[in-house]
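Data block for structure-v6.cif (mmCIF, C-alpha atoms and all ligand atoms):
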data_work
loop_
_atom_site.label_atom_id
_atom_site.label_comp_id
_atom_site.auth_asym_id
_atom_site.auth_seq_id
_atom_site.Cartn_x
_atom_site.Cartn_y
_atom_site.Cartn_z
CA MET A 22 -68.69 17.87 -60.35
CA ARG A 23 -67.79 21.14 -61.99
CA GLN A 24 -70.68 22.85 -63.70
CA LYS A 25 -70.27 23.69 -67.36
CA THR A 26 -71.25 27.29 -66.69
CA LEU A 27 -68.37 27.81 -64.25
CA LYS A 28 -65.48 29.90 -65.46
CA LYS A 29 -61.90 28.60 -65.41
CA VAL A 30 -59.57 31.21 -64.04
CA TYR A 31 -55.86 30.39 -63.69
CA LEU A 32 -54.12 32.66 -61.18
CA ASP A 33 -51.10 30.54 -60.27
CA TYR A 34 -48.54 31.66 -62.86
CA ALA A 35 -45.69 31.47 -60.31
CA ALA A 36 -46.25 27.71 -60.05
CA THR A 37 -46.07 27.15 -63.79
CA THR A 38 -47.27 28.71 -67.05
CA PRO A 39 -48.83 27.33 -70.21
CA VAL A 40 -46.42 27.10 -73.14
CA HIS A 41 -46.78 30.10 -75.43
CA PRO A 42 -48.20 28.95 -78.81
CA ARG A 43 -45.22 30.49 -80.67
CA ALA A 44 -42.72 28.69 -78.42
CA LEU A 45 -44.62 25.44 -78.96
CA LYS A 46 -44.61 25.88 -82.74
CA LYS A 47 -40.87 26.57 -82.76
CA MET A 48 -39.98 23.47 -80.76
CA LEU A 49 -42.24 20.90 -82.46
CA PRO A 50 -39.95 20.04 -85.44
CA TYR A 51 -37.17 19.12 -82.97
CA PHE A 52 -39.33 16.25 -81.70
CA SER A 53 -39.81 14.83 -85.20
CA GLU A 54 -37.85 15.60 -88.37
CA LYS A 55 -35.05 17.49 -86.55
CA PHE A 56 -34.55 14.91 -83.81
CA GLY A 57 -30.74 14.63 -83.98
CA ASN A 58 -28.28 14.26 -81.11
CA THR A 59 -26.07 17.36 -80.73
CA MET A 60 -23.02 15.09 -80.36
CA SER A 61 -23.50 13.38 -83.77
CA LEU A 62 -21.16 14.52 -86.52
CA TYR A 63 -23.56 14.05 -89.44
CA GLU A 64 -26.00 16.71 -90.71
CA LEU A 65 -28.95 15.75 -88.48
CA GLY A 66 -26.79 16.09 -85.38
CA GLN A 67 -25.25 19.33 -86.53
CA GLU A 68 -28.70 20.75 -87.20
CA ALA A 69 -29.59 20.05 -83.55
CA LYS A 70 -26.25 21.48 -82.40
CA THR A 71 -26.90 24.69 -84.37
CA ALA A 72 -30.35 25.03 -82.76
CA LEU A 73 -28.79 24.50 -79.33
CA GLU A 74 -26.11 27.14 -79.87
CA GLU A 75 -28.60 29.63 -81.31
CA SER A 76 -30.75 29.15 -78.21
CA ARG A 77 -27.74 29.63 -75.95
CA GLY A 78 -26.88 32.85 -77.81
CA THR A 79 -30.43 34.19 -77.50
CA ILE A 80 -30.48 33.62 -73.74
CA ALA A 81 -26.98 35.04 -73.23
CA LYS A 82 -27.93 38.19 -75.16
CA HIS A 83 -30.88 38.87 -72.86
CA LEU A 84 -28.65 38.67 -69.76
CA LYS A 85 -25.78 40.63 -71.36
CA ALA A 86 -23.68 37.49 -70.88
CA ARG A 87 -21.48 35.47 -73.26
CA SER A 88 -22.86 32.32 -74.88
CA GLU A 89 -20.24 30.09 -73.28
CA GLU A 90 -21.38 31.29 -69.84
CA ILE A 91 -24.82 29.62 -70.21
CA ILE A 92 -25.17 25.95 -69.17
CA PHE A 93 -28.48 24.26 -69.91
CA THR A 94 -29.93 21.97 -67.24
CA GLY A 95 -33.21 20.10 -66.78
CA SER A 96 -34.75 22.31 -64.08
CA ALA A 97 -34.12 25.26 -61.81
CA THR A 98 -33.79 22.78 -58.96
CA GLU A 99 -30.87 21.24 -60.83
CA SER A 100 -29.31 24.64 -61.61
CA ASN A 101 -29.54 25.71 -57.98
CA ASN A 102 -28.06 22.40 -56.78
CA LEU A 103 -25.21 22.80 -59.27
CA ALA A 104 -24.62 26.42 -58.23
CA LEU A 105 -24.38 25.64 -54.53
CA LYS A 106 -22.84 22.18 -54.44
CA GLY A 107 -20.67 22.70 -57.53
CA THR A 108 -19.01 25.89 -56.29
CA ALA A 109 -18.75 24.63 -52.70
CA LEU A 110 -17.02 21.42 -53.75
CA ALA A 111 -14.67 23.15 -56.22
CA ASN A 112 -13.60 25.84 -53.75
CA ARG A 113 -13.38 23.81 -50.57
CA LYS A 114 -9.69 24.60 -50.13
CA LYS A 115 -10.44 28.33 -50.06
CA GLY A 116 -13.11 28.10 -47.37
CA ASN A 117 -16.10 26.20 -46.07
CA HIS A 118 -18.64 28.95 -45.38
CA ILE A 119 -21.75 29.69 -47.42
CA ILE A 120 -24.40 32.35 -46.91
CA ILE A 121 -28.01 32.05 -48.04
CA SER A 122 -31.14 33.94 -47.00
CA SER A 123 -33.85 32.46 -44.82
CA ILE A 124 -36.46 32.86 -47.59
CA GLU A 125 -34.87 30.78 -50.36
CA HIS A 126 -36.73 28.18 -52.42
CA PRO A 127 -36.58 24.67 -50.86
CA CYS A 128 -33.99 23.54 -53.44
CA ILE A 129 -31.52 26.10 -52.04
CA MET A 130 -32.50 25.46 -48.41
CA GLU A 131 -32.10 21.68 -48.85
CA SER A 132 -28.81 22.04 -50.78
CA GLY A 133 -27.57 24.10 -47.83
CA LYS A 134 -28.57 21.32 -45.43
CA TRP A 135 -26.81 18.74 -47.61
CA LEU A 136 -23.63 20.83 -47.66
CA GLU A 137 -23.74 21.06 -43.85
CA GLY A 138 -23.69 17.26 -43.86
CA GLN A 139 -20.50 17.47 -45.94
CA GLY A 140 -18.78 19.69 -43.37
CA PHE A 141 -19.66 23.15 -44.74
CA LYS A 142 -21.00 25.93 -42.51
CA VAL A 143 -24.17 27.66 -43.72
CA THR A 144 -25.47 31.03 -42.48
CA ARG A 145 -29.15 31.78 -43.13
CA LEU A 146 -29.62 35.54 -43.19
CA PRO A 147 -32.72 37.01 -41.54
CA VAL A 148 -35.05 39.32 -43.47
CA ASP A 149 -37.12 42.32 -42.38
CA ARG A 150 -40.92 42.22 -42.16
CA TYR A 151 -41.20 42.79 -45.92
CA GLY A 152 -38.76 40.01 -46.77
CA LEU A 153 -35.77 42.20 -47.55
CA VAL A 154 -32.21 41.10 -46.73
CA GLN A 155 -30.33 43.98 -45.11
CA PRO A 156 -26.95 44.72 -46.75
CA THR A 157 -25.41 45.35 -43.30
CA GLU A 158 -26.53 41.87 -42.13
CA LEU A 159 -24.88 40.35 -45.17
CA GLU A 160 -21.67 42.28 -44.63
CA LYS A 161 -21.58 41.21 -40.98
CA ALA A 162 -22.02 37.54 -41.90
CA ILE A 163 -19.07 37.42 -44.33
CA LYS A 164 -15.93 35.81 -42.89
CA LYS A 165 -12.57 34.97 -44.37
CA GLU A 166 -13.80 31.38 -45.03
CA THR A 167 -16.89 32.56 -46.98
CA ILE A 168 -16.82 31.31 -50.56
CA LEU A 169 -20.38 31.80 -51.77
CA VAL A 170 -23.45 33.97 -51.18
CA SER A 171 -26.78 32.90 -52.67
CA ILE A 172 -29.78 35.21 -52.40
CA ILE A 173 -33.04 34.86 -54.28
CA HIS A 174 -33.72 37.78 -56.67
CA ALA A 175 -37.50 37.85 -56.24
CA SER A 176 -39.42 35.66 -53.83
CA ASN A 177 -41.63 32.97 -55.33
CA GLU A 178 -43.99 33.29 -52.36
CA ILE A 179 -44.23 36.96 -51.46
CA GLY A 180 -42.80 38.59 -54.61
CA THR A 181 -40.35 40.84 -52.72
CA ILE A 182 -37.47 41.96 -54.95
CA GLN A 183 -34.02 42.05 -53.32
CA PRO A 184 -31.57 44.89 -54.08
CA ILE A 185 -29.17 42.38 -55.63
CA GLU A 186 -26.76 44.95 -57.09
CA ARG A 187 -26.34 46.62 -53.66
CA LEU A 188 -25.97 43.26 -51.91
CA VAL A 189 -23.27 42.16 -54.38
CA LYS A 190 -21.36 45.44 -53.90
CA ARG A 191 -21.49 45.12 -50.11
CA ALA A 192 -20.41 41.48 -50.18
CA LYS A 193 -17.49 42.05 -52.54
CA ARG A 194 -16.38 45.16 -50.68
CA LYS A 195 -15.97 43.03 -47.56
CA LYS A 196 -14.31 40.13 -49.40
CA LYS A 197 -13.23 40.40 -53.01
CA GLU A 198 -12.92 36.68 -53.68
CA ILE A 199 -16.48 35.63 -53.12
CA TYR A 200 -19.02 34.20 -55.56
CA PHE A 201 -22.52 35.65 -55.70
CA HIS A 202 -25.36 33.45 -56.96
CA THR A 203 -28.96 34.52 -57.39
CA ASP A 204 -32.04 32.40 -58.01
CA ALA A 205 -33.81 34.51 -60.64
CA VAL A 206 -36.51 31.96 -61.51
CA GLN A 207 -39.37 34.36 -60.72
CA SER A 208 -37.70 37.57 -61.94
CA PHE A 209 -36.10 36.50 -65.23
CA SER A 210 -38.16 37.95 -68.10
CA LYS A 211 -40.17 40.11 -65.67
CA LEU A 212 -37.34 42.42 -64.56
CA PRO A 213 -34.36 43.54 -66.65
CA ILE A 214 -31.18 41.65 -65.70
CA ASP A 215 -27.64 42.60 -66.68
CA VAL A 216 -25.27 40.15 -65.01
CA ASN A 217 -22.21 42.36 -65.50
CA LYS A 218 -23.81 45.54 -64.21
CA MET A 219 -25.24 43.66 -61.23
CA GLY A 220 -21.92 41.89 -60.55
CA ILE A 221 -23.50 38.44 -60.44
CA ASP A 222 -21.29 35.33 -60.82
CA LEU A 223 -24.01 32.69 -61.07
CA LEU A 224 -27.72 32.97 -61.94
CA THR A 225 -30.53 30.44 -62.25
CA ALA A 226 -33.63 30.71 -64.45
CA SER A 227 -36.25 28.27 -65.67
CA SER A 228 -38.33 27.78 -68.81
CA HIS A 229 -41.72 26.73 -67.44
CA LYS A 230 -42.17 29.93 -65.43
CA ILE A 231 -41.91 32.10 -68.55
CA TYR A 232 -44.23 30.34 -71.05
CA GLY A 233 -41.61 27.80 -72.17
CA PRO A 234 -41.92 24.02 -71.74
CA LYS A 235 -41.04 22.11 -68.58
CA GLY A 236 -37.67 20.33 -68.57
CA ALA A 237 -35.35 23.23 -69.44
CA ALA A 238 -33.48 25.72 -67.28
CA PHE A 239 -30.04 27.28 -67.25
CA LEU A 240 -27.26 28.30 -64.94
CA TYR A 241 -25.26 31.37 -65.90
CA ILE A 242 -21.67 30.81 -64.78
CA LYS A 243 -19.38 33.80 -65.18
CA LYS A 244 -16.14 33.02 -66.99
CA GLY A 245 -13.48 32.02 -64.46
CA VAL A 246 -15.84 30.70 -61.75
CA ARG A 247 -14.55 27.37 -60.43
CA ILE A 248 -17.33 24.80 -60.36
CA GLU A 249 -17.47 21.01 -60.07
CA PRO A 250 -20.03 19.16 -62.24
CA LEU A 251 -22.62 17.03 -60.45
CA LEU A 252 -23.27 14.77 -63.47
CA HIS A 253 -20.35 12.96 -65.11
CA GLY A 254 -20.48 11.29 -68.50
CA GLY A 255 -20.23 12.34 -72.14
CA GLY A 256 -19.05 15.88 -71.37
CA GLN A 257 -21.96 17.85 -72.82
CA GLU A 258 -22.50 21.48 -71.78
CA MET A 259 -18.77 22.22 -71.55
CA GLY A 260 -18.27 19.23 -69.28
CA LEU A 261 -20.56 20.69 -66.63
CA ARG A 262 -23.73 18.74 -67.34
CA SER A 263 -23.29 15.41 -69.06
CA SER A 264 -26.54 14.09 -70.58
CA THR A 265 -27.92 14.05 -74.13
CA VAL A 266 -29.09 17.60 -74.65
CA ASN A 267 -32.87 18.11 -74.65
CA VAL A 268 -32.93 20.25 -77.80
CA PRO A 269 -36.73 20.64 -78.34
CA VAL A 270 -37.41 22.11 -74.92
CA ILE A 271 -34.32 24.34 -75.07
CA VAL A 272 -35.52 25.71 -78.44
CA GLY A 273 -38.95 26.39 -76.86
CA PHE A 274 -37.28 28.03 -73.85
CA ALA A 275 -35.23 30.39 -76.03
CA GLU A 276 -38.30 31.38 -78.03
CA ALA A 277 -40.18 32.09 -74.78
CA VAL A 278 -37.25 34.28 -73.66
CA LYS A 279 -37.53 36.31 -76.88
CA ILE A 280 -41.30 36.72 -76.56
CA THR A 281 -41.31 37.69 -72.88
CA HIS A 282 -38.41 40.12 -73.14
CA LYS A 283 -40.05 41.91 -76.05
CA ILE A 284 -43.20 42.62 -74.04
CA MET A 285 -41.58 42.91 -70.59
CA LYS A 286 -42.12 46.62 -69.99
CA LYS A 287 -45.69 46.86 -71.26
CA GLU A 288 -46.81 43.58 -69.72
CA GLY A 289 -45.14 44.50 -66.41
CA ALA A 290 -47.08 47.77 -66.30
CA ARG A 291 -50.37 46.02 -67.16
CA LEU A 292 -49.91 43.34 -64.50
CA SER A 293 -48.83 45.90 -61.87
CA ARG A 294 -52.10 47.76 -62.43
CA LEU A 295 -54.15 44.57 -62.05
CA ARG A 296 -52.10 43.58 -58.97
CA ASP A 297 -52.63 46.94 -57.25
CA TYR A 298 -56.34 46.95 -58.10
CA LEU A 299 -56.79 43.51 -56.52
CA ILE A 300 -54.72 44.39 -53.45
CA SER A 301 -56.57 47.62 -52.72
CA ARG A 302 -60.02 46.09 -53.15
CA VAL A 303 -59.28 43.01 -51.00
CA LEU A 304 -57.77 45.06 -48.18
CA LYS A 305 -60.78 47.39 -48.30
CA GLU A 306 -63.53 44.80 -48.69
CA ILE A 307 -62.34 41.81 -46.63
CA PRO A 308 -61.96 42.48 -42.90
CA CYS A 309 -58.86 41.17 -41.10
CA SER A 310 -56.86 40.76 -44.31
CA SER A 311 -53.26 41.86 -44.82
CA LEU A 312 -50.67 41.90 -47.59
CA ASN A 313 -47.48 39.86 -47.21
CA GLY A 314 -44.26 41.07 -48.84
CA HIS A 315 -43.14 44.55 -49.80
CA PRO A 316 -45.92 46.96 -50.88
CA LEU A 317 -43.79 48.48 -53.69
CA LYS A 318 -40.64 46.40 -54.22
CA ARG A 319 -42.56 43.38 -55.47
CA LEU A 320 -42.98 41.44 -58.69
CA PRO A 321 -45.64 42.89 -61.00
CA ASN A 322 -47.59 39.63 -60.95
CA ASN A 323 -47.39 38.59 -57.28
CA ILE A 324 -49.98 39.07 -54.54
CA ASN A 325 -49.82 37.31 -51.18
CA PHE A 326 -52.52 37.85 -48.55
CA SER A 327 -53.08 36.58 -45.04
CA PHE A 328 -56.67 36.18 -43.89
CA ASP A 329 -57.10 35.86 -40.13
CA TYR A 330 -59.17 32.96 -38.70
CA VAL A 331 -59.07 30.81 -41.88
CA GLU A 332 -56.78 28.18 -43.39
CA GLY A 333 -55.23 28.97 -46.77
CA GLU A 334 -55.86 25.39 -47.94
CA SER A 335 -59.60 25.72 -47.31
CA ILE A 336 -59.71 28.92 -49.39
CA VAL A 337 -57.80 27.20 -52.23
CA ILE A 338 -60.30 24.30 -52.26
CA GLN A 339 -63.33 26.61 -52.16
CA LEU A 340 -61.93 28.77 -54.95
CA ASP A 341 -61.21 25.67 -57.01
CA MET A 342 -64.89 24.75 -56.72
CA GLU A 343 -65.64 28.17 -58.25
CA GLY A 344 -63.18 27.43 -61.10
CA ILE A 345 -60.31 29.57 -59.79
CA SER A 346 -56.77 28.16 -59.38
CA VAL A 347 -54.56 29.84 -56.78
CA SER A 348 -52.11 28.56 -54.21
CA THR A 349 -51.25 28.86 -50.53
CA GLY A 350 -47.50 29.36 -50.83
CA SER A 351 -45.08 27.90 -53.31
CA ALA A 352 -46.37 24.89 -55.26
CA CYS A 353 -43.58 22.82 -53.74
CA SER A 354 -44.35 23.54 -50.09
CA SER A 355 -48.15 23.61 -50.32
CA SER A 356 -48.36 19.81 -50.20
CA LYS A 357 -46.47 19.66 -46.89
CA LEU A 358 -49.15 21.50 -44.87
CA GLN A 359 -46.42 23.23 -42.87
CA ALA A 360 -46.48 26.96 -42.26
CA SER A 361 -44.35 28.53 -44.98
CA HIS A 362 -40.74 29.13 -43.86
CA VAL A 363 -40.83 32.36 -45.88
CA LEU A 364 -43.83 33.79 -44.02
CA ARG A 365 -42.40 32.63 -40.69
CA ALA A 366 -39.12 34.44 -41.56
CA LEU A 367 -41.14 37.68 -41.96
CA GLY A 368 -42.24 37.23 -38.34
CA LEU A 369 -45.79 36.03 -39.03
CA SER A 370 -47.36 33.78 -36.41
CA PRO A 371 -48.02 30.16 -37.52
CA GLU A 372 -51.79 30.98 -37.58
CA LYS A 373 -51.32 33.99 -39.85
CA ALA A 374 -48.91 32.05 -42.07
CA HIS A 375 -51.49 29.24 -42.38
CA GLY A 376 -54.10 31.75 -43.55
CA SER A 377 -52.05 32.84 -46.56
CA LEU A 378 -53.07 32.87 -50.19
CA ARG A 379 -50.76 33.46 -53.17
CA ILE A 380 -52.31 34.85 -56.33
CA THR A 381 -50.01 35.22 -59.33
CA LEU A 382 -51.02 36.81 -62.61
CA GLY A 383 -49.78 36.24 -66.14
CA LEU A 384 -50.11 36.82 -69.86
CA TRP A 385 -53.70 35.66 -70.11
CA THR A 386 -55.02 37.33 -66.94
CA ARG A 387 -57.83 39.80 -67.64
CA LYS A 388 -59.54 42.36 -65.37
CA SER A 389 -62.83 40.43 -65.73
CA GLU A 390 -61.11 37.46 -64.05
CA ILE A 391 -59.89 39.61 -61.16
CA ASP A 392 -63.44 40.96 -60.80
CA TYR A 393 -64.78 37.40 -60.73
CA LEU A 394 -62.30 36.53 -57.96
CA LEU A 395 -63.32 39.67 -56.08
CA LYS A 396 -66.95 38.58 -56.35
CA VAL A 397 -66.46 35.09 -54.87
CA LEU A 398 -63.57 35.55 -52.41
CA PRO A 399 -65.29 37.70 -49.71
CA ARG A 400 -68.20 35.22 -49.50
CA ILE A 401 -65.82 32.24 -49.22
CA ILE A 402 -63.80 33.87 -46.44
CA GLU A 403 -66.95 34.88 -44.58
CA ASN A 404 -68.39 31.34 -44.78
CA LEU A 405 -65.10 29.74 -43.69
CA ARG A 406 -64.80 32.15 -40.78
CA ARG A 407 -68.32 31.29 -39.66
CA LEU A 408 -67.37 27.59 -39.55
CA SER A 409 -63.86 28.17 -38.17
CA PRO A 410 -63.00 26.68 -34.77
CA ILE A 411 -60.31 29.39 -34.37
CA LYS A 412 -61.61 31.98 -31.93
CA LYS A 413 -62.07 35.51 -33.21
C1 LIG B 501 -37.64 30.78 -57.01
C2 LIG B 501 -37.68 29.36 -57.47
N1 LIG B 501 -36.54 28.65 -57.49
C3 LIG B 501 -36.52 27.39 -57.90
C4 LIG B 501 -37.66 26.75 -58.33
C5 LIG B 501 -37.57 25.32 -58.77
O1 LIG B 501 -37.97 25.20 -60.07
P1 LIG B 501 -38.25 23.76 -60.71
O2 LIG B 501 -39.33 23.13 -59.90
O3 LIG B 501 -38.67 24.10 -62.06
O4 LIG B 501 -37.02 22.98 -60.62
C6 LIG B 501 -38.88 27.44 -58.32
C7 LIG B 501 -40.14 26.79 -58.67
O5 LIG B 501 -41.18 27.05 -58.12
C8 LIG B 501 -38.88 28.79 -57.89
O6 LIG B 501 -40.00 29.51 -57.86
#
Could you quickly redo this structure as structure tokens?
Amino acid sequence: MRQKTLKKVYLDYAATTPVHPRALKKMLPYFSEKFGNTMSLYELGQEAKTALEESRGTIAKHLKARSEEIIFTGSATESNNLALKGTALANRKKGNHIIISSIEHPCIMESGKWLEGQGFKVTRLPVDRYGLVQPTELEKAIKKETILVSIIHASNEIGTIQPIERLVKRAKRKKKEIYFHTDAVQSFSKLPIDVNKMGIDLLTASSHKIYGPKGAAFLYIKKGVRIEPLLHGGGQEMGLRSSTVNVPVIVGFAEAVKITHKIMKKEGARLSRLRDYLISRVLKEIPCSSLNGHPLKRLPNNINFSFDYVEGESIVIQLDMEGISVSTGSACSSSKLQASHVLRALGLSPEKAHGSLRITLGLWTRKSEIDYLLKVLPRIIENLRRLSPIKK
């Protein structure tokens, strides 16, 4: 039983975020009095349609894209499936080769596996010890049959930020007719993104990682990209995603985009300071600890440690008993109890990968909470190490 005096400290913002009160307020009327279907011709439907198109315009503006290049979906998993499978299926005649990195989110890794089952060839690019894809490796992997490259913008596990603009340039220099997709779920609203400047053809982002509600995401599809829909039906979302449009959550998503972009620079600087403070104190105060991911090229809110001789899951449980929520890797892989494929791709041993802890900060994170974590974490690690069967 949790004691009443215990603090509640949420440090798992990469898994999901609470809905911002202003986003919640904005979306509520679309559940009740403004409940129309965007396909209905009468006023109630048109009111919903207007809200949908305004939301699309808001999101497009923040990416420097055009409104008609934004397709709303139900999740980033769906957007990533559409990006990979949709472009692969539509461009099959041009080639059957796809390149991804070895540190993608499971929804890209699994889509790649599915496409292999359909006769496509998939190359998984290696990364260096910080999780960076090398532009020369990408260039080497591109063949005349390559139709698509998909590389995550910022890692959900280790926070490493890829040099997407340089990777796009290298890829397109080798082969002009190639599509470049990036999964920007963890970077969108934390880092500035200009799809034209970066040369991106497809980009995925999600609402519930940026203080919007769950159930909304988008895929940016540059004008002219050939893509096959995965859902067929009433022809919503320019024929690319049939389904009655989920207007309330899309309205909440767009409001969250406005809020987070307005404070991006200041909030990024504040979180970077907290991140660096936590990293330096842990590395100094906890023996046999190390940082995973790039020391500088990393998301302002991401910290990923390995602690030798302990299991990440045990630390998560012990911290939970102290009222602190953190995670071992991504929320999706932490239930599988397998060493993270991302940490393994960095070259970490299975033991070191199993001793990992991901701490992600957000809008409501305060220094007092980091200090509280710093107070309880060394004791937890020390106790677990004392009980650990793994030999020191
Ligand atoms: C980088 C990345 N891509 C894709 C996803 C999938 O998002 P969702 O579970 O919202 O579909 C996540 C969620 O953790 C993510 O972090």
Residues at most 6 Å from A:Gly333, counting only C-alpha atoms, excluding those fewer than 2 positions away in the same chain, as number ranges by chain?
A: 335-336, 349, 375-378
May I ask you to write as JSON, numbers by chain all residues lying at most 8 Å from ligand LIG 501 (chain B), with only C-alpha atoms and all ligand atoms counted?
{"A": [35, 36, 37, 95, 96, 97, 98, 99, 100, 101, 125, 126, 127, 128, 129, 173, 175, 176, 177, 178, 204, 205, 206, 207, 225, 226, 227, 228, 229, 230, 235, 236, 238, 351, 352, 353]}
Taking (-43.2, 50.6, -53.6) in the coordinates of the supplied file, I want to know which residues reach to within 12 Å of it, counting all atoms listed in the file; could you give the answer as a list in words?
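Taken together, the residues in range are Tyr151, Thr181, Ile182, Ser293, Asp297, Gly314, His315, Pro316, Leu317, Lys318, Arg319, Leu320 and Pro321 of chain A.
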File dump, residues just selected, C-alpha atoms, as a PDB file, in the frame of the given file:
ATOM      1  CA  TYR A 151     -41.200  42.790 -45.920  1.00  0.00           C
ATOM      2  CA  THR A 181     -40.350  40.840 -52.720  1.00  0.00           C
ATOM      3  CA  ILE A 182     -37.470  41.960 -54.950  1.00  0.00           C
ATOM      4  CA  SER A 293     -48.830  45.900 -61.870  1.00  0.00           C
ATOM      5  CA  ASP A 297     -52.630  46.940 -57.250  1.00  0.00           C
ATOM      6  CA  GLY A 314     -44.260  41.070 -48.840  1.00  0.00           C
ATOM      7  CA  HIS A 315     -43.140  44.550 -49.800  1.00  0.00           C
ATOM      8  CA  PRO A 316     -45.920  46.960 -50.880  1.00  0.00           C
ATOM      9  CA  LEU A 317     -43.790  48.480 -53.690  1.00  0.00           C
ATOM     10  CA  LYS A 318     -40.640  46.400 -54.220  1.00  0.00           C
ATOM     11  CA  ARG A 319     -42.560  43.380 -55.470  1.00  0.00           C
ATOM     12  CA  LEU A 320     -42.980  41.440 -58.690  1.00  0.00           C
ATOM     13  CA  PRO A 321     -45.640  42.890 -61.000  1.00  0.00           C
TER      14      PRO A 321
END
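Using all atoms listed in the file for every distance, the candidate list A:Ile121, A:Ala81, A:Lys305, A:Arg291 yields A:Ile121 as the residue closest to A:Val148.
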Near A:Asp215, counting only C-alpha atoms, which residues have an atom at most 12 Å away, once you skip same-chain residues fewer than 5 positions from it, shown as a PyMOL selection string?
chain A and resi 80-87+185-186+205+209-210+220-224+241
With C-alpha atoms retained, write the just-selected residues as a PDB file, keeping the file's coordinate frame.
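Output contents, as saved in part_30.pdb:
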ATOM      1  CA  ILE A  80     -30.480  33.620 -73.740  1.00  0.00           C
ATOM      2  CA  ALA A  81     -26.980  35.040 -73.230  1.00  0.00           C
ATOM      3  CA  LYS A  82     -27.930  38.190 -75.160  1.00  0.00           C
ATOM      4  CA  HIS A  83     -30.880  38.870 -72.860  1.00  0.00           C
ATOM      5  CA  LEU A  84     -28.650  38.670 -69.760  1.00  0.00           C
ATOM      6  CA  LYS A  85     -25.780  40.630 -71.360  1.00  0.00           C
ATOM      7  CA  ALA A  86     -23.680  37.490 -70.880  1.00  0.00           C
ATOM      8  CA  ARG A  87     -21.480  35.470 -73.260  1.00  0.00           C
ATOM      9  CA  ILE A 185     -29.170  42.380 -55.630  1.00  0.00           C
ATOM     10  CA  GLU A 186     -26.760  44.950 -57.090  1.00  0.00           C
ATOM     11  CA  ALA A 205     -33.810  34.510 -60.640  1.00  0.00           C
ATOM     12  CA  PHE A 209     -36.100  36.500 -65.230  1.00  0.00           C
ATOM     13  CA  SER A 210     -38.160  37.950 -68.100  1.00  0.00           C
ATOM     14  CA  GLY A 220     -21.920  41.890 -60.550  1.00  0.00           C
ATOM     15  CA  ILE A 221     -23.500  38.440 -60.440  1.00  0.00           C
ATOM     16  CA  ASP A 222     -21.290  35.330 -60.820  1.00  0.00           C
ATOM     17  CA  LEU A 223     -24.010  32.690 -61.070  1.00  0.00           C
ATOM     18  CA  LEU A 224     -27.720  32.970 -61.940  1.00  0.00           C
ATOM     19  CA  TYR A 241     -25.260  31.370 -65.900  1.00  0.00           C
TER      20      TYR A 241
END
Which residues come within 9 Å of stretch 88-91 of chain A, counting all atoms listed in the file, excluding same-chain residues fewer than 3 positions away, as a list in words?
Glu74, Arg77, Gly78, Thr79, Ile80, Ala81, Lys82, Phe239, Leu240, Tyr241, Ile242, Lys243, Lys244, Glu258 and Met259 of chain A
Residues just named, written with C-alpha atoms as a PDB file, in the frame of the given file:
ATOM      1  CA  GLU A  74     -26.110  27.140 -79.870  1.00  0.00           C
ATOM      2  CA  ARG A  77     -27.740  29.630 -75.950  1.00  0.00           C
ATOM      3  CA  GLY A  78     -26.880  32.850 -77.810  1.00  0.00           C
ATOM      4  CA  THR A  79     -30.430  34.190 -77.500  1.00  0.00           C
ATOM      5  CA  ILE A  80     -30.480  33.620 -73.740  1.00  0.00           C
ATOM      6  CA  ALA A  81     -26.980  35.040 -73.230  1.00  0.00           C
ATOM      7  CA  LYS A  82     -27.930  38.190 -75.160  1.00  0.00           C
ATOM      8  CA  PHE A 239     -30.040  27.280 -67.250  1.00  0.00           C
ATOM      9  CA  LEU A 240     -27.260  28.300 -64.940  1.00  0.00           C
ATOM     10  CA  TYR A 241     -25.260  31.370 -65.900  1.00  0.00           C
ATOM     11  CA  ILE A 242     -21.670  30.810 -64.780  1.00  0.00           C
ATOM     12  CA  LYS A 243     -19.380  33.800 -65.180  1.00  0.00           C
ATOM     13  CA  LYS A 244     -16.140  33.020 -66.990  1.00  0.00           C
ATOM     14  CA  GLU A 258     -22.500  21.480 -71.780  1.00  0.00           C
ATOM     15  CA  MET A 259     -18.770  22.220 -71.550  1.00  0.00           C
TER      16      MET A 259
END
Please measure the separation of atom CA of A:Glu64 and atom CA of A:Leu252, giving the value in Å to one decimal.
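These two atoms are separated by 27.4 Å.
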Proximity to A:Phe93 - best of A:Val266, A:Asn325, A:Lys55, A:Arg406, all atoms listed in the file
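When distances to A:Phe93 are compared using all atoms listed in the file, the smallest one comes from A:Val266.
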What is the distance, in Å and to one decimal place, between atom CA of A:Ala366 and atom CA of A:Asp149?
8.2 Å
Report, in Å with one decimal, the straight-line distance from atom CA of A:Gly383 to atom CA of A:Glu403.
27.6 Å
Please provide the set of residues having any atom within 9 Å of A:Cys309, restricted to all atoms listed in the file, with same-chain residues fewer than 6 positions apart removed, written as a PyMOL selection string.
chain A and resi 327-330
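By chain and then residue number, the residues within 12 Å of stretch 194-198 of chain A are Asn112, Lys115, Gly116, Pro156, Thr157, Glu158, Leu159, Glu160, Lys161, Ala162, Ile163, Lys164, Lys165, Glu166, Thr167, Ile168, Leu169, Val170, Arg187, Leu188, Val189, Lys190, Gly220, Asp222, Gly245, Val246 and Arg247 of chain A, counting only C-alpha atoms and disregarding those fewer than 4 positions away in sequence.
Residue nearest A:Gly66 within the list A:Ile199, A:Val331, A:Leu340, A:Val268: A:Val268 [criterion: smallest interatomic distance, only C-alpha atoms].
For the residues A:Leu212, A:Leu261, A:Ile380, A:Leu65, ranking by smallest atom-to-atom distance to A:Lys286 using only C-alpha atoms places A:Leu212 first.
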